[in-house]
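Scroll down for the structure; my scribbles are underneath it.
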Amino acid sequence: MGDDLHLNVSAMDEKHDAFLDILARIQSCEKGDFMALFAEMIEHTKAHFAFEEEMMTRLGFNDRKEHFDEHAHMLSEMNYFFEKAKRMPAFGKSYINDYAYEKFKRHVTNIDSQLAMFLKEKNYIGANGSLQEL
(Lines give C-alpha, C1' and ligand atoms only; values in the text may rest on other atoms or scores of the structure.)
Protein backbone atom coordinates (compact mmCIF):
# COMPACT_ATOMS: atom_id res chain seq x y z
CA MET A 1 0.00 0.00 0.00
CA GLY A 2 2.85 2.35 -0.77
CA ASP A 3 1.06 4.39 -3.42
CA ASP A 4 0.65 8.12 -2.86
CA LEU A 5 -3.08 8.59 -3.09
CA HIS A 6 -3.15 12.14 -1.76
CA LEU A 7 -5.31 14.57 -3.72
CA ASN A 8 -4.00 17.69 -1.93
CA VAL A 9 -7.41 18.31 -0.41
CA SER A 10 -6.72 17.86 3.29
CA ALA A 11 -10.29 16.99 4.30
CA MET A 12 -10.35 14.16 1.76
CA ASP A 13 -6.75 13.06 2.32
CA GLU A 14 -7.30 12.78 6.07
CA LYS A 15 -10.30 10.50 5.56
CA HIS A 16 -8.39 8.41 3.02
CA ASP A 17 -5.42 8.09 5.38
CA ALA A 18 -7.76 7.01 8.19
CA PHE A 19 -9.28 4.34 5.92
CA LEU A 20 -5.81 3.06 5.01
CA ASP A 21 -4.87 2.96 8.69
CA ILE A 22 -7.93 0.85 9.52
CA LEU A 23 -7.23 -1.42 6.54
CA ALA A 24 -3.62 -1.94 7.65
CA ARG A 25 -4.80 -2.76 11.17
CA ILE A 26 -7.29 -5.33 9.83
CA GLN A 27 -4.66 -6.94 7.63
CA SER A 28 -2.34 -7.48 10.58
CA CYS A 29 -4.85 -8.12 13.37
CA GLU A 30 -5.40 -11.15 15.54
CA LYS A 31 -8.24 -13.42 14.48
CA GLY A 32 -10.45 -12.27 17.36
CA ASP A 33 -10.21 -8.60 16.31
CA PHE A 34 -11.02 -9.07 12.64
CA MET A 35 -14.80 -8.60 12.66
CA ALA A 36 -14.71 -5.56 14.96
CA LEU A 37 -12.13 -3.86 12.75
CA PHE A 38 -14.07 -4.78 9.62
CA ALA A 39 -17.17 -3.17 11.19
CA GLU A 40 -15.07 -0.11 12.09
CA MET A 41 -13.93 0.15 8.46
CA ILE A 42 -17.54 0.06 7.25
CA GLU A 43 -18.63 2.74 9.75
CA HIS A 44 -15.68 4.93 8.81
CA THR A 45 -16.53 4.51 5.13
CA LYS A 46 -20.18 5.45 5.70
CA ALA A 47 -19.15 8.67 7.47
CA HIS A 48 -16.49 9.41 4.85
CA PHE A 49 -18.97 8.99 2.00
CA ALA A 50 -21.66 11.02 3.80
CA PHE A 51 -19.15 13.88 4.16
CA GLU A 52 -18.30 13.80 0.45
CA GLU A 53 -21.93 13.47 -0.63
CA GLU A 54 -23.04 16.42 1.49
CA MET A 55 -20.21 18.53 0.09
CA MET A 56 -20.98 17.54 -3.52
CA THR A 57 -24.66 18.34 -3.08
CA ARG A 58 -24.01 21.67 -1.36
CA LEU A 59 -21.48 22.78 -4.00
CA GLY A 60 -23.41 21.53 -7.03
CA PHE A 61 -20.84 19.02 -8.27
CA ASN A 62 -22.20 17.90 -11.65
CA ASP A 63 -20.91 14.32 -11.59
CA ARG A 64 -22.30 13.56 -8.15
CA LYS A 65 -24.76 10.87 -9.31
CA GLU A 66 -21.92 8.71 -10.63
CA HIS A 67 -19.97 9.35 -7.45
CA PHE A 68 -22.97 8.55 -5.22
CA ASP A 69 -23.60 5.35 -7.20
CA GLU A 70 -19.98 4.30 -6.71
CA HIS A 71 -20.29 4.94 -2.98
CA ALA A 72 -23.44 2.85 -2.77
CA HIS A 73 -21.79 0.03 -4.71
CA MET A 74 -18.66 0.05 -2.53
CA LEU A 75 -20.67 0.02 0.71
CA SER A 76 -22.91 -2.74 -0.58
CA GLU A 77 -19.85 -4.78 -1.46
CA MET A 78 -18.25 -4.20 1.94
CA ASN A 79 -21.45 -5.21 3.72
CA TYR A 80 -21.74 -8.32 1.54
CA PHE A 81 -18.24 -9.48 2.44
CA PHE A 82 -18.76 -8.56 6.10
CA GLU A 83 -21.89 -10.73 6.28
CA LYS A 84 -20.11 -13.59 4.48
CA ALA A 85 -17.17 -13.28 6.89
CA LYS A 86 -19.49 -13.93 9.83
CA ARG A 87 -20.00 -17.46 8.50
CA MET A 88 -16.74 -17.93 6.60
CA PRO A 89 -13.93 -15.80 8.06
CA ALA A 90 -11.54 -16.77 5.25
CA PHE A 91 -13.92 -15.18 2.75
CA GLY A 92 -13.72 -11.84 4.57
CA LYS A 93 -9.95 -12.10 4.98
CA SER A 94 -9.61 -12.67 1.24
CA TYR A 95 -11.62 -9.52 0.52
CA ILE A 96 -9.53 -7.45 2.95
CA ASN A 97 -6.15 -8.82 1.87
CA ASP A 98 -6.67 -9.24 -1.88
CA TYR A 99 -9.30 -6.73 -2.97
CA ALA A 100 -10.17 -3.86 -0.60
CA TYR A 101 -7.03 -1.80 -1.22
CA GLU A 102 -7.22 -2.06 -5.01
CA LYS A 103 -10.90 -1.09 -4.98
CA PHE A 104 -10.12 1.88 -2.71
CA LYS A 105 -7.17 2.93 -4.89
CA ARG A 106 -9.30 2.85 -8.07
CA HIS A 107 -12.00 4.90 -6.34
CA VAL A 108 -9.56 7.60 -5.22
CA THR A 109 -7.75 7.69 -8.56
CA ASN A 110 -10.78 7.58 -10.87
CA ILE A 111 -13.65 9.07 -8.86
CA ASP A 112 -12.41 11.18 -5.95
CA SER A 113 -9.80 12.83 -8.16
CA GLN A 114 -12.63 14.37 -10.21
CA LEU A 115 -14.13 15.90 -7.08
CA ALA A 116 -10.73 17.21 -5.99
CA MET A 117 -10.21 18.80 -9.41
CA PHE A 118 -13.65 20.44 -9.20
CA LEU A 119 -12.88 21.83 -5.73
CA LYS A 120 -9.59 23.28 -6.95
CA GLU A 121 -11.04 24.73 -10.17
CA LYS A 122 -13.81 26.46 -8.21
CA ASN A 123 -11.28 27.81 -5.68
CA TYR A 124 -12.83 25.92 -2.77
CA ILE A 125 -9.35 24.81 -1.66
CA GLY A 126 -6.94 27.08 0.20
CA ALA A 127 -3.18 27.21 -0.31
CA ASN A 128 -2.61 24.57 2.38
CA GLY A 129 -5.14 22.14 0.86
CA SER A 130 -7.92 22.95 3.30
CA LEU A 131 -11.51 23.55 2.28
CA GLN A 132 -12.47 27.22 2.29
CA GLU A 133 -15.43 28.24 4.42
CA LEU A 134 -18.39 27.90 2.11
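Chain labels run A, B, ... following the order of the C-alpha coordinates; each chain numbers its residues from 1, and ligands are numbered from 1 in the order shown.
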
With 12 Å as the cut-off and only C-alpha atoms counted, what is the closest atom pair between each nearby residue of stretch 20-108 of chain A and stretch 120-133 of chain A? Distances in Å to one decimal, ordered by chain and number, as CSV.
residue,atom,partner,partner_atom,distance
A:Met55,CA,A:Leu131,CA,10.3
A:Met56,CA,A:Tyr124,CA,11.7
A:Leu59,CA,A:Tyr124,CA,9.3
A:Gly60,CA,A:Lys122,CA,10.9
A:Phe61,CA,A:Lys122,CA,10.2

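Take atom CA of A:Ala50 and atom CA of A:Asp4: the distance between them is 23.5 Å.
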
Residues near A:Leu23, anyone? I mean within 8 Å using only C-alpha atoms, not counting same-chain ones fewer than 6 positions away, as a list in words.
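The residues satisfying every condition are Met41, Ile96 and Tyr101 of chain A.
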
File of the preceding selection, C-alpha atoms, as a tab-separated table (two decimals), in the first residue's frame:
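After the write, out.tsv holds the following:
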chain	number	residue	atom	x	y	z
A	41	MET	CA	-13.93	0.15	8.46
A	96	ILE	CA	-9.53	-7.45	2.95
A	101	TYR	CA	-7.03	-1.80	-1.22

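Candidate residues A:His67, A:Ile42, A:Arg58, A:Gln27 were compared for distance to A:Ser113, and the nearest is A:His67, using only C-alpha atoms.
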